[in-house]
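Student: Sharing my_file-v4.tsv (TSV, C-alpha atoms) below.
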chain	number	residue	atom	x	y	z
A	1	MET	CA	-16.60	29.71	-18.24
A	2	LEU	CA	-14.12	28.82	-20.97
A	3	ILE	CA	-11.04	26.78	-20.16
A	4	ALA	CA	-7.92	27.30	-22.25
A	5	VAL	CA	-6.91	24.21	-24.20
A	6	GLY	CA	-3.51	25.33	-25.42
A	7	SER	CA	-2.34	26.18	-28.90
A	8	LYS	CA	-2.10	22.68	-30.41
A	9	ASN	CA	-4.81	21.94	-33.03
A	10	LEU	CA	-7.11	24.69	-31.77
A	11	SER	CA	-9.36	24.37	-34.80
A	12	LYS	CA	-10.51	20.96	-33.56
A	13	PHE	CA	-11.82	22.22	-30.24
A	14	GLN	CA	-15.42	23.28	-29.66
A	15	ASN	CA	-16.45	26.25	-27.51
A	16	PHE	CA	-20.02	25.10	-26.91
A	17	LYS	CA	-21.45	21.91	-25.49
A	18	LEU	CA	-24.80	20.29	-24.78
A	19	PHE	CA	-25.53	19.04	-21.26
A	20	ARG	CA	-28.32	16.55	-20.69
A	21	THR	CA	-29.29	14.63	-17.55
A	22	TYR	CA	-30.09	10.97	-18.00
A	23	ALA	CA	-31.04	7.96	-15.90
A	24	PHE	CA	-30.46	4.28	-16.57
A	25	GLN	CA	-30.68	1.08	-14.57
A	26	ASN	CA	-28.44	-1.65	-13.28
A	27	SER	CA	-30.96	-4.22	-12.10
A	28	THR	CA	-32.72	-2.55	-9.12
A	29	VAL	CA	-30.28	0.38	-8.96
A	30	ASN	CA	-31.32	3.60	-10.69
A	31	LEU	CA	-28.27	5.52	-11.87
A	32	ALA	CA	-28.46	9.23	-12.70
A	33	GLY	CA	-25.85	11.28	-14.49
A	34	THR	CA	-24.98	13.99	-16.97
A	35	LEU	CA	-23.93	13.37	-20.55
A	36	THR	CA	-21.84	16.22	-21.94
A	37	LEU	CA	-21.88	16.30	-25.74
A	38	PRO	CA	-19.81	18.36	-28.16
A	39	TYR	CA	-21.79	20.53	-30.53
A	40	GLY	CA	-22.67	18.67	-33.72
A	41	GLU	CA	-24.18	15.39	-34.86
A	42	GLY	CA	-21.36	12.98	-34.02
A	43	PRO	CA	-20.68	10.18	-33.59
A	44	PHE	CA	-18.22	11.31	-30.94
A	45	PRO	CA	-15.71	9.26	-28.96
A	46	ALA	CA	-17.08	8.97	-25.44
A	47	VAL	CA	-15.74	8.35	-21.96
A	48	LEU	CA	-17.45	7.23	-18.79
A	49	LEU	CA	-15.89	8.72	-15.64
A	50	ILE	CA	-15.54	6.40	-12.62
A	51	SER	CA	-14.96	7.89	-9.17
A	52	GLY	CA	-12.75	6.71	-6.33
A	53	SER	CA	-13.75	5.04	-3.07
A	54	GLY	CA	-16.53	6.44	-0.91
A	55	LEU	CA	-19.79	8.00	-2.01
A	56	GLN	CA	-19.06	10.52	-4.77
A	57	ASP	CA	-21.49	12.61	-6.79
A	58	ARG	CA	-21.21	12.89	-10.56
A	59	ASP	CA	-18.67	15.72	-10.26
A	60	GLU	CA	-16.57	13.75	-7.73
A	61	THR	CA	-17.01	16.73	-5.40
A	62	LEU	CA	-14.33	16.80	-2.72
A	63	VAL	CA	-13.09	19.57	-0.38
A	64	GLY	CA	-14.51	22.32	-2.56
A	65	HIS	CA	-13.32	20.86	-5.87
A	66	LYS	CA	-15.27	19.22	-8.70
A	67	PRO	CA	-12.63	17.27	-10.67
A	68	PHE	CA	-15.05	15.41	-12.94
A	69	TRP	CA	-16.90	18.61	-13.87
A	70	VAL	CA	-13.60	20.20	-14.90
A	71	LEU	CA	-12.46	17.09	-16.79
A	72	ALA	CA	-15.78	16.71	-18.60
A	73	ASP	CA	-15.71	20.36	-19.64
A	74	HIS	CA	-12.15	20.08	-20.97
A	75	LEU	CA	-12.79	16.89	-22.94
A	76	SER	CA	-16.12	17.92	-24.42
A	77	ARG	CA	-14.63	21.15	-25.77
A	78	ALA	CA	-12.22	18.90	-27.69
A	79	GLY	CA	-14.96	16.80	-29.29
A	80	ILE	CA	-15.24	14.02	-26.69
A	81	ALA	CA	-18.58	13.06	-25.13
A	82	VAL	CA	-18.45	12.50	-21.36
A	83	LEU	CA	-20.84	10.64	-19.06
A	84	ARG	CA	-20.42	11.26	-15.34
A	85	VAL	CA	-22.71	9.50	-12.86
A	86	ASP	CA	-23.76	9.83	-9.22
A	87	ASP	CA	-22.52	6.82	-7.24
A	88	PRO	CA	-25.30	4.53	-5.98
A	89	GLY	CA	-26.71	6.03	-2.79
A	90	ILE	CA	-25.80	9.68	-3.44
A	91	GLY	CA	-27.31	12.45	-5.52
A	92	LYS	CA	-30.10	11.09	-7.70
A	93	SER	CA	-28.78	7.51	-7.87
A	94	THR	CA	-30.43	4.93	-5.62
A	95	PRO	CA	-28.36	2.60	-3.41
A	96	HIS	CA	-27.63	-1.06	-3.91
A	97	PRO	CA	-30.04	-3.27	-1.93
A	98	GLU	CA	-27.09	-4.76	0.01
A	99	PRO	CA	-23.80	-3.10	1.03
A	100	PRO	CA	-21.81	-3.09	-2.24
A	101	THR	CA	-18.26	-4.08	-3.07
A	102	THR	CA	-15.96	-3.07	-5.91
A	103	ALA	CA	-17.44	-5.96	-7.91
A	104	ASP	CA	-20.93	-4.41	-7.63
A	105	PHE	CA	-19.61	-1.03	-8.77
A	106	ALA	CA	-18.15	-2.74	-11.85
A	107	THR	CA	-21.66	-3.86	-12.86
A	108	ASP	CA	-22.85	-0.24	-12.51
A	109	VAL	CA	-20.14	0.84	-14.95
A	110	GLU	CA	-21.11	-1.94	-17.37
A	111	ALA	CA	-24.66	-0.56	-17.29
A	112	GLY	CA	-23.25	2.86	-18.14
A	113	VAL	CA	-21.31	1.45	-21.08
A	114	ARG	CA	-24.48	-0.21	-22.40
A	115	PHE	CA	-26.29	3.10	-22.04
A	116	LEU	CA	-23.65	4.91	-24.10
A	117	LYS	CA	-23.51	2.22	-26.78
A	118	GLN	CA	-27.24	2.67	-27.42
A	119	ASP	CA	-26.76	6.35	-28.32
A	120	ASP	CA	-26.25	6.99	-32.05
A	121	ARG	CA	-24.25	10.13	-31.22
A	122	VAL	CA	-21.59	8.01	-29.52
A	123	GLY	CA	-18.80	6.17	-31.27
A	124	ARG	CA	-15.98	4.38	-29.46
A	125	VAL	CA	-16.43	4.18	-25.69
A	126	GLY	CA	-13.65	4.36	-23.12
A	127	LEU	CA	-13.36	4.48	-19.34
A	128	ILE	CA	-11.54	7.00	-17.16
A	129	GLY	CA	-11.20	5.77	-13.59
A	130	HIS	CA	-9.77	7.66	-10.65
A	131	SER	CA	-8.26	5.69	-7.74
A	132	GLU	CA	-10.63	2.76	-7.04
A	133	GLY	CA	-12.33	3.83	-10.26
A	134	GLY	CA	-9.19	2.71	-12.10
A	135	LEU	CA	-9.54	-0.71	-10.50
A	136	ILE	CA	-13.16	-0.84	-11.63
A	137	ALA	CA	-12.18	0.24	-15.15
A	138	ALA	CA	-9.70	-2.64	-15.33
A	139	ILE	CA	-12.31	-5.17	-14.22
A	140	VAL	CA	-14.81	-3.95	-16.82
A	141	ALA	CA	-12.29	-3.66	-19.66
A	142	SER	CA	-10.99	-7.18	-18.96
A	143	ARG	CA	-14.41	-8.70	-19.72
A	144	SER	CA	-16.18	-6.29	-22.09
A	145	ASP	CA	-15.78	-6.01	-25.85
A	146	ASP	CA	-17.54	-2.63	-25.75
A	147	VAL	CA	-14.64	-0.80	-24.04
A	148	SER	CA	-12.16	0.59	-26.59
A	149	PHE	CA	-9.62	2.27	-24.26
A	150	ILE	CA	-9.06	3.12	-20.60
A	151	VAL	CA	-7.37	5.88	-18.62
A	152	LEU	CA	-6.13	5.12	-15.12
A	153	MET	CA	-5.80	8.13	-12.83
A	154	ALA	CA	-3.92	6.73	-9.81
A	155	GLY	CA	-5.39	3.29	-10.40
A	156	PRO	CA	-4.44	0.43	-8.03
A	157	GLY	CA	-2.21	-2.31	-9.41
A	158	VAL	CA	-1.80	-4.50	-6.31
A	159	PRO	CA	-4.17	-6.13	-3.78
A	160	GLY	CA	-5.80	-3.69	-1.38
A	161	ALA	CA	-3.85	-4.89	1.67
A	162	GLU	CA	-0.55	-4.10	-0.07
A	163	LEU	CA	-1.83	-0.76	-1.33
A	164	LEU	CA	-3.18	0.35	2.07
A	165	ARG	CA	0.03	-0.66	3.87
A	166	LYS	CA	2.09	1.45	1.46
A	167	GLN	CA	-0.48	4.24	1.70
A	168	ASN	CA	-0.15	4.40	5.47
A	169	GLU	CA	3.64	4.21	5.26
A	170	ARG	CA	3.69	7.19	2.85
A	171	ILE	CA	1.27	9.16	5.02
A	172	PHE	CA	3.33	8.50	8.16
A	173	GLU	CA	6.50	9.64	6.39
A	174	ALA	CA	4.90	12.79	4.97
A	175	ALA	CA	3.43	13.62	8.39
A	176	GLY	CA	6.79	13.22	10.12
A	177	ILE	CA	5.93	9.96	11.96
A	178	ALA	CA	9.08	7.86	12.03
A	179	GLY	CA	11.05	5.38	14.06
A	180	GLU	CA	9.35	3.17	16.64
A	181	PRO	CA	5.87	4.79	16.45
A	182	LYS	CA	5.80	4.29	12.68
A	183	GLN	CA	6.89	0.67	12.92
A	184	ARG	CA	4.39	-0.10	15.68
A	185	LEU	CA	1.55	1.35	13.61
A	186	LEU	CA	2.59	-0.62	10.51
A	187	THR	CA	2.82	-3.81	12.56
A	188	LEU	CA	-0.69	-3.24	13.88
A	189	LEU	CA	-1.88	-2.64	10.32
A	190	ASP	CA	-0.39	-5.95	9.21
A	191	GLN	CA	-2.13	-7.68	12.11
A	192	LEU	CA	-5.42	-6.01	11.19
A	193	PHE	CA	-5.25	-7.20	7.59
A	194	THR	CA	-4.33	-10.72	8.71
A	195	ILE	CA	-7.34	-10.87	11.02
A	196	LEU	CA	-9.76	-9.46	8.44
A	197	THR	CA	-8.67	-11.84	5.69
A	198	ALA	CA	-8.27	-15.02	7.78
A	199	GLU	CA	-10.67	-17.70	6.55
A	200	ASP	CA	-10.70	-19.93	9.65
A	201	MET	CA	-11.41	-17.40	12.39
A	202	ALA	CA	-14.70	-17.14	14.25
A	203	GLU	CA	-16.45	-13.78	13.81
A	204	ASP	CA	-16.53	-12.95	17.52
A	205	GLU	CA	-12.79	-13.67	17.77
A	206	ARG	CA	-12.19	-11.59	14.64
A	207	ARG	CA	-14.16	-8.66	16.03
A	208	GLN	CA	-12.35	-8.77	19.37
A	209	GLY	CA	-9.02	-8.78	17.56
A	210	VAL	CA	-9.95	-5.77	15.45
A	211	GLU	CA	-11.15	-3.81	18.49
A	212	ARG	CA	-7.89	-4.58	20.31
A	213	ILE	CA	-5.89	-3.25	17.36
A	214	VAL	CA	-8.03	-0.11	17.05
A	215	ARG	CA	-7.50	0.70	20.72
A	216	LYS	CA	-3.73	0.17	20.40
A	217	GLN	CA	-3.64	2.46	17.36
A	218	LEU	CA	-5.45	5.18	19.31
A	219	GLU	CA	-3.02	4.78	22.20
A	220	ILE	CA	0.02	5.15	19.92
A	221	ASN	CA	-1.61	8.26	18.46
A	222	GLY	CA	-1.83	9.85	21.89
A	223	VAL	CA	-5.23	8.74	23.19
A	224	PRO	CA	-4.73	6.71	26.41
A	225	PRO	CA	-7.19	3.85	27.14
A	226	ALA	CA	-8.99	5.84	29.83
A	227	LYS	CA	-9.84	8.61	27.35
A	228	GLN	CA	-10.85	6.44	24.41
A	229	ASP	CA	-14.44	6.96	23.33
A	230	ASP	CA	-16.28	3.63	23.03
A	231	GLY	CA	-18.57	5.07	20.37
A	232	GLN	CA	-15.63	6.13	18.22
A	233	VAL	CA	-13.99	2.74	18.68
A	234	HIS	CA	-17.22	1.01	17.60
A	235	ILE	CA	-17.41	3.13	14.44
A	236	LEU	CA	-13.79	2.35	13.53
A	237	VAL	CA	-14.35	-1.37	14.10
A	238	GLU	CA	-17.49	-1.41	11.95
A	239	GLN	CA	-15.66	0.34	9.12
A	240	ALA	CA	-13.21	-2.55	9.03
A	241	PHE	CA	-16.04	-5.07	8.72
A	242	THR	CA	-17.82	-3.64	5.69
A	243	PRO	CA	-18.17	-6.02	2.71
A	244	TRP	CA	-16.32	-3.42	0.64
A	245	MET	CA	-13.26	-3.53	2.90
A	246	ARG	CA	-13.14	-7.31	3.08
A	247	TYR	CA	-13.34	-7.55	-0.73
A	248	PHE	CA	-10.89	-4.72	-1.41
A	249	LEU	CA	-8.19	-6.13	0.86
A	250	THR	CA	-7.93	-9.41	-1.04
A	251	PHE	CA	-8.82	-8.52	-4.63
A	252	ASP	CA	-5.80	-8.70	-6.93
A	253	PRO	CA	-6.22	-6.56	-10.10
A	254	ARG	CA	-3.22	-8.01	-11.92
A	255	PRO	CA	-5.08	-10.93	-13.57
A	256	ALA	CA	-7.61	-8.42	-14.93
A	257	PHE	CA	-4.83	-6.25	-16.39
A	258	GLU	CA	-3.30	-9.32	-18.04
A	259	LYS	CA	-6.53	-9.78	-20.03
A	260	ILE	CA	-6.79	-6.21	-21.32
A	261	ARG	CA	-5.86	-5.69	-24.97
A	262	VAL	CA	-7.13	-2.13	-25.56
A	263	PRO	CA	-4.95	1.02	-25.32
A	264	ILE	CA	-4.21	2.17	-21.77
A	265	LEU	CA	-3.03	5.49	-20.37
A	266	ALA	CA	-1.80	5.22	-16.77
A	267	LEU	CA	-1.11	8.37	-14.74
A	268	ASN	CA	0.20	8.78	-11.20
A	269	GLY	CA	1.41	11.75	-9.20
A	270	GLU	CA	4.80	11.24	-7.57
A	271	LEU	CA	3.49	12.98	-4.43
A	272	ASP	CA	0.47	10.66	-4.26
A	273	VAL	CA	0.41	9.20	-0.73
A	274	GLN	CA	-2.81	7.24	-1.29
A	275	VAL	CA	-1.87	5.23	-4.39
A	276	ASP	CA	1.92	5.07	-4.53
A	277	ALA	CA	3.21	5.63	-8.07
A	278	GLU	CA	6.19	3.27	-7.88
A	279	GLN	CA	4.25	0.40	-6.33
A	280	ASN	CA	1.20	0.55	-8.55
A	281	LEU	CA	2.53	1.67	-11.93
A	282	THR	CA	5.21	-1.01	-11.72
A	283	ALA	CA	2.61	-3.70	-11.03
A	284	ILE	CA	0.25	-2.45	-13.74
A	285	THR	CA	2.87	-2.28	-16.48
A	286	ALA	CA	4.25	-5.71	-15.52
A	287	ALA	CA	0.77	-7.28	-15.72
A	288	LEU	CA	0.01	-5.60	-19.06
A	289	ASP	CA	3.36	-6.73	-20.44
A	290	LYS	CA	2.71	-10.29	-19.24
A	291	GLY	CA	-0.62	-10.23	-21.05
A	292	GLY	CA	0.99	-8.95	-24.25
A	293	ASN	CA	-0.58	-5.47	-24.36
A	294	GLN	CA	1.80	-3.28	-26.37
A	295	ASP	CA	-0.33	-0.11	-26.40
A	296	VAL	CA	0.50	1.29	-22.97
A	297	THR	CA	1.39	4.89	-22.12
A	298	VAL	CA	2.62	5.73	-18.61
A	299	HIS	CA	3.27	9.12	-17.00
A	300	ARG	CA	4.69	9.75	-13.53
A	301	LEU	CA	3.93	13.34	-12.76
A	302	PRO	CA	6.38	15.23	-10.50
A	303	LYS	CA	4.83	17.43	-7.79
A	304	HIS	CA	1.30	16.05	-8.40
A	305	ASN	CA	-0.86	14.56	-5.64
A	306	HIS	CA	-3.64	11.95	-5.61
A	307	LEU	CA	-6.16	14.44	-7.01
A	308	PHE	CA	-3.69	15.47	-9.74
A	309	GLN	CA	-3.22	18.92	-8.31
A	310	ARG	CA	0.24	20.43	-8.25
A	311	ALA	CA	1.16	20.12	-4.58
A	312	LEU	CA	3.87	20.46	-1.97
A	313	THR	CA	3.39	17.48	0.36
A	314	GLY	CA	0.73	15.25	-1.20
A	315	LEU	CA	-1.04	14.92	2.15
A	316	VAL	CA	-4.83	14.73	2.22
A	317	ASN	CA	-5.15	17.86	4.37
A	318	GLU	CA	-3.49	19.85	1.59
A	319	TYR	CA	-6.16	19.08	-1.04
A	320	GLY	CA	-8.60	21.74	0.06
A	321	THR	CA	-5.96	24.44	0.39
A	322	ILE	CA	-4.94	24.23	-3.28
A	323	GLU	CA	-6.86	26.49	-5.64
A	324	GLU	CA	-6.23	24.27	-8.67
A	325	THR	CA	-8.71	21.42	-9.23
A	326	LEU	CA	-6.81	19.50	-11.94
A	327	SER	CA	-3.48	20.56	-13.34
A	328	PRO	CA	-3.57	21.78	-16.97
A	329	LYS	CA	-0.86	19.24	-17.82
A	330	VAL	CA	-3.08	16.35	-16.74
A	331	LEU	CA	-6.12	17.73	-18.56
A	332	ASP	CA	-4.14	18.07	-21.78
A	333	LEU	CA	-2.45	14.67	-21.43
A	334	ILE	CA	-5.80	12.90	-21.14
A	335	ARG	CA	-7.44	14.94	-23.91
A	336	ASP	CA	-4.61	14.47	-26.39
A	337	TRP	CA	-4.24	10.76	-25.68
A	338	VAL	CA	-7.97	10.03	-26.03
A	339	LEU	CA	-8.02	11.88	-29.35
A	340	SER	CA	-4.94	9.98	-30.51
A	341	VAL	CA	-6.52	6.56	-29.95
A	342	THR	CA	-9.97	7.43	-31.31
A	343	GLN	CA	-9.22	9.40	-34.49
Would you give me this structure, written as structure tokens?
Tutor:
Amino acid sequence: MLIAVGSKNLSKFQNFKLFRTYAFQNSTVNLAGTLTLPYGEGPFPAVLLISGSGLQDRDETLVGHKPFWVLADHLSRAGIAVLRVDDPGIGKSTPHPEPPTTADFATDVEAGVRFLKQDDRVGRVGLIGHSEGGLIAAIVASRSDDVSFIVLMAGPGVPGAELLRKQNERIFEAAGIAGEPKQRLLTLLDQLFTILTAEDMAEDERRQGVERIVRKQLEINGVPPAKQDDGQVHILVEQAFTPWMRYFLTFDPRPAFEKIRVPILALNGELDVQVDAEQNLTAITAALDKGGNQDVTVHRLPKHNHLFQRALTGLVNEYGTIEETLSPKVLDLIRDWVLSVTQ
């Protein structure tokens, strides 16, 4: 299938690509992915795609869409090599020996950068991170001389507790939850984050506090105590206690952004209810400015959601109902910017 690339500089774009599956290691983790190469000898500018939170395959498959497959296809037709990788524990990549955090995922990406730098067909290497992947890209770029540019697709710019509070507030508003129920849920969320991040609380007390909050949240959402399923409550409590959640809530990406000197493209959809554009783009640009990075391009995209589809509400339940996987505007913005900083 050919994807139209527009009329600008058509002579530069290739119609054929080479796909090869590769595996590389990060310590005991075996990482498998696909390297998409433009036709020719190279060296080509290359990007490593970094998925958002949760287990994602190399195509970032979600509700019937494969955003990374579409993005890789679009970029490779323009002369850009693309490496997309199964997250550890899904597809053909093996899991981390212990439950991983964002910091562990950053070392996986560093292994991918090393893999690309060893390939003679690859020139300058950049990172494209979606959602949590943008956070990971910032961590890696802040400490690696091998990263030449980064693209943030709805990347976080504030600590996870601040991001998740705003996320829930946006979701409540879009879903029509307002007034006292909304405020009660946000208050419970604040209490949850306080309990999870407290350093001087015993674990049994912490767990009891989280369970109490989970049960109150269910009650506000229409499930009375007598009808609450203990198994469901247990699952929700355990999700709050994962190492990933504890790390994500407190990690502040702003110091990492202050250290980045390479060109950055930051994109956010204005309908994004998961990573709020105003909150996060403001924090990212302020941190980059504080660090002295002058090569920053920012786009707030009207009527685009967290997956960079053109949308109506931005709510998660809308993702699968939209035929479009990635809007043509976003595909072209990323392609043209990467070419501009690598040629």
Student: What lies within 12 Å of segment 174-179 of chain A using all atoms listed in the file, ignoring chain neighbours under 3 positions off, as a PyMOL selection string?
Tutor: chain A and resi 167-171+182-186+220-221+271-274+312-318
Student: I'd like the interatomic distance between atom CA of Pro67 of chain A and atom CA of Gln309 of chain A, to a tenth of an Å.
Tutor: 9.8 Å
Student: Using only C-alpha atoms, tabulate the residues of segment 25-114 of chain A lying at most 12 Å from any atom of segment 131-148 of chain A, each with its closest atom pair and that distance in Å to one decimal, by chain and increasing residue number, as JSON lines.
Tutor:
{"residue": "A:Pro45", "atom": "CA", "partner": "A:Ser148", "partner_atom": "CA", "distance": 9.7}
{"residue": "A:Ala46", "atom": "CA", "partner": "A:Ser148", "partner_atom": "CA", "distance": 9.8}
{"residue": "A:Val47", "atom": "CA", "partner": "A:Val147", "partner_atom": "CA", "distance": 9.4}
{"residue": "A:Leu48", "atom": "CA", "partner": "A:Ala137", "partner_atom": "CA", "distance": 9.5}
{"residue": "A:Leu49", "atom": "CA", "partner": "A:Gly133", "partner_atom": "CA", "distance": 8.1}
{"residue": "A:Ile50", "atom": "CA", "partner": "A:Gly133", "partner_atom": "CA", "distance": 4.7}
{"residue": "A:Ser51", "atom": "CA", "partner": "A:Gly133", "partner_atom": "CA", "distance": 5.0}
{"residue": "A:Gly52", "atom": "CA", "partner": "A:Glu132", "partner_atom": "CA", "distance": 4.5}
{"residue": "A:Ser53", "atom": "CA", "partner": "A:Glu132", "partner_atom": "CA", "distance": 5.5}
{"residue": "A:Gly54", "atom": "CA", "partner": "A:Glu132", "partner_atom": "CA", "distance": 9.3}
{"residue": "A:Leu55", "atom": "CA", "partner": "A:Glu132", "partner_atom": "CA", "distance": 11.7}
{"residue": "A:Gln56", "atom": "CA", "partner": "A:Gly133", "partner_atom": "CA", "distance": 11.0}
{"residue": "A:Glu60", "atom": "CA", "partner": "A:Gly133", "partner_atom": "CA", "distance": 11.1}
{"residue": "A:Asp87", "atom": "CA", "partner": "A:Gly133", "partner_atom": "CA", "distance": 11.0}
{"residue": "A:Thr101", "atom": "CA", "partner": "A:Ile136", "partner_atom": "CA", "distance": 10.5}
{"residue": "A:Thr102", "atom": "CA", "partner": "A:Ile136", "partner_atom": "CA", "distance": 6.7}
{"residue": "A:Ala103", "atom": "CA", "partner": "A:Ile136", "partner_atom": "CA", "distance": 7.6}
{"residue": "A:Asp104", "atom": "CA", "partner": "A:Ile136", "partner_atom": "CA", "distance": 9.4}
{"residue": "A:Phe105", "atom": "CA", "partner": "A:Ile136", "partner_atom": "CA", "distance": 7.1}
{"residue": "A:Ala106", "atom": "CA", "partner": "A:Ile136", "partner_atom": "CA", "distance": 5.3}
{"residue": "A:Thr107", "atom": "CA", "partner": "A:Val140", "partner_atom": "CA", "distance": 7.9}
{"residue": "A:Asp108", "atom": "CA", "partner": "A:Ile136", "partner_atom": "CA", "distance": 9.7}
{"residue": "A:Val109", "atom": "CA", "partner": "A:Val140", "partner_atom": "CA", "distance": 7.4}
{"residue": "A:Glu110", "atom": "CA", "partner": "A:Val140", "partner_atom": "CA", "distance": 6.6}
{"residue": "A:Ala111", "atom": "CA", "partner": "A:Val140", "partner_atom": "CA", "distance": 10.4}
{"residue": "A:Gly112", "atom": "CA", "partner": "A:Val140", "partner_atom": "CA", "distance": 10.9}
{"residue": "A:Val113", "atom": "CA", "partner": "A:Asp146", "partner_atom": "CA", "distance": 7.3}
{"residue": "A:Arg114", "atom": "CA", "partner": "A:Asp146", "partner_atom": "CA", "distance": 8.1}
Student: Would you save the residues of that selection, restricted to C-alpha atoms, as a PDB file, keeping the file's coordinate frame?
Tutor:
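Printed below is result-v3.pdb as written:
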ATOM      1  CA  PRO A  45     -15.710   9.260 -28.960  1.00  0.00           C
ATOM      2  CA  ALA A  46     -17.080   8.970 -25.440  1.00  0.00           C
ATOM      3  CA  VAL A  47     -15.740   8.350 -21.960  1.00  0.00           C
ATOM      4  CA  LEU A  48     -17.450   7.230 -18.790  1.00  0.00           C
ATOM      5  CA  LEU A  49     -15.890   8.720 -15.640  1.00  0.00           C
ATOM      6  CA  ILE A  50     -15.540   6.400 -12.620  1.00  0.00           C
ATOM      7  CA  SER A  51     -14.960   7.890  -9.170  1.00  0.00           C
ATOM      8  CA  GLY A  52     -12.750   6.710  -6.330  1.00  0.00           C
ATOM      9  CA  SER A  53     -13.750   5.040  -3.070  1.00  0.00           C
ATOM     10  CA  GLY A  54     -16.530   6.440  -0.910  1.00  0.00           C
ATOM     11  CA  LEU A  55     -19.790   8.000  -2.010  1.00  0.00           C
ATOM     12  CA  GLN A  56     -19.060  10.520  -4.770  1.00  0.00           C
ATOM     13  CA  GLU A  60     -16.570  13.750  -7.730  1.00  0.00           C
ATOM     14  CA  ASP A  87     -22.520   6.820  -7.240  1.00  0.00           C
ATOM     15  CA  THR A 101     -18.260  -4.080  -3.070  1.00  0.00           C
ATOM     16  CA  THR A 102     -15.960  -3.070  -5.910  1.00  0.00           C
ATOM     17  CA  ALA A 103     -17.440  -5.960  -7.910  1.00  0.00           C
ATOM     18  CA  ASP A 104     -20.930  -4.410  -7.630  1.00  0.00           C
ATOM     19  CA  PHE A 105     -19.610  -1.030  -8.770  1.00  0.00           C
ATOM     20  CA  ALA A 106     -18.150  -2.740 -11.850  1.00  0.00           C
ATOM     21  CA  THR A 107     -21.660  -3.860 -12.860  1.00  0.00           C
ATOM     22  CA  ASP A 108     -22.850  -0.240 -12.510  1.00  0.00           C
ATOM     23  CA  VAL A 109     -20.140   0.840 -14.950  1.00  0.00           C
ATOM     24  CA  GLU A 110     -21.110  -1.940 -17.370  1.00  0.00           C
ATOM     25  CA  ALA A 111     -24.660  -0.560 -17.290  1.00  0.00           C
ATOM     26  CA  GLY A 112     -23.250   2.860 -18.140  1.00  0.00           C
ATOM     27  CA  VAL A 113     -21.310   1.450 -21.080  1.00  0.00           C
ATOM     28  CA  ARG A 114     -24.480  -0.210 -22.400  1.00  0.00           C
TER      29      ARG A 114
END
Student: Using only C-alpha atoms, which of the listed residues (A:Phe172, A:Phe257, A:Phe193, A:Tyr39) sits closest to Ala240 of chain A?
Tutor: A:Phe193
Student: Would you compute the distance between atom CA of Val151 of chain A and atom CA of Arg335 of chain A? Give it in Å to one decimal.
Tutor: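 Going from atom CA of Val151 of chain A over to atom CA of Arg335 of chain A, I get 10.5 Å.
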Student: Using all atoms listed in the file, determine which residues lie at most 12 Å from Leu83 of chain A, disregarding the query and same-chain residues fewer than 6 positions distant; provide the list as a VMD selection string.
Tutor: chain A and resid 18 to 24 31 to 38 45 to 51 58 to 59 68 to 69 71 to 73 75 to 76 109 111 to 117 119 122 125 to 128
Student: Counting all atoms listed in the file, which of A:Leu189, A:Arg215, A:Val158, A:Glu41 gets nearest to Phe248 of chain A?
Tutor: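 Closest to Phe248 of chain A, using all atoms listed in the file: A:Val158.
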Student: Which residues, written as a PyMOL selection string, have at least one atom at most 8 Å from Val296 of chain A, with all atoms listed in the file counted and residues fewer than 6 positions away on the same chain left out?
Tutor: chain A and resi 263-266+285+288
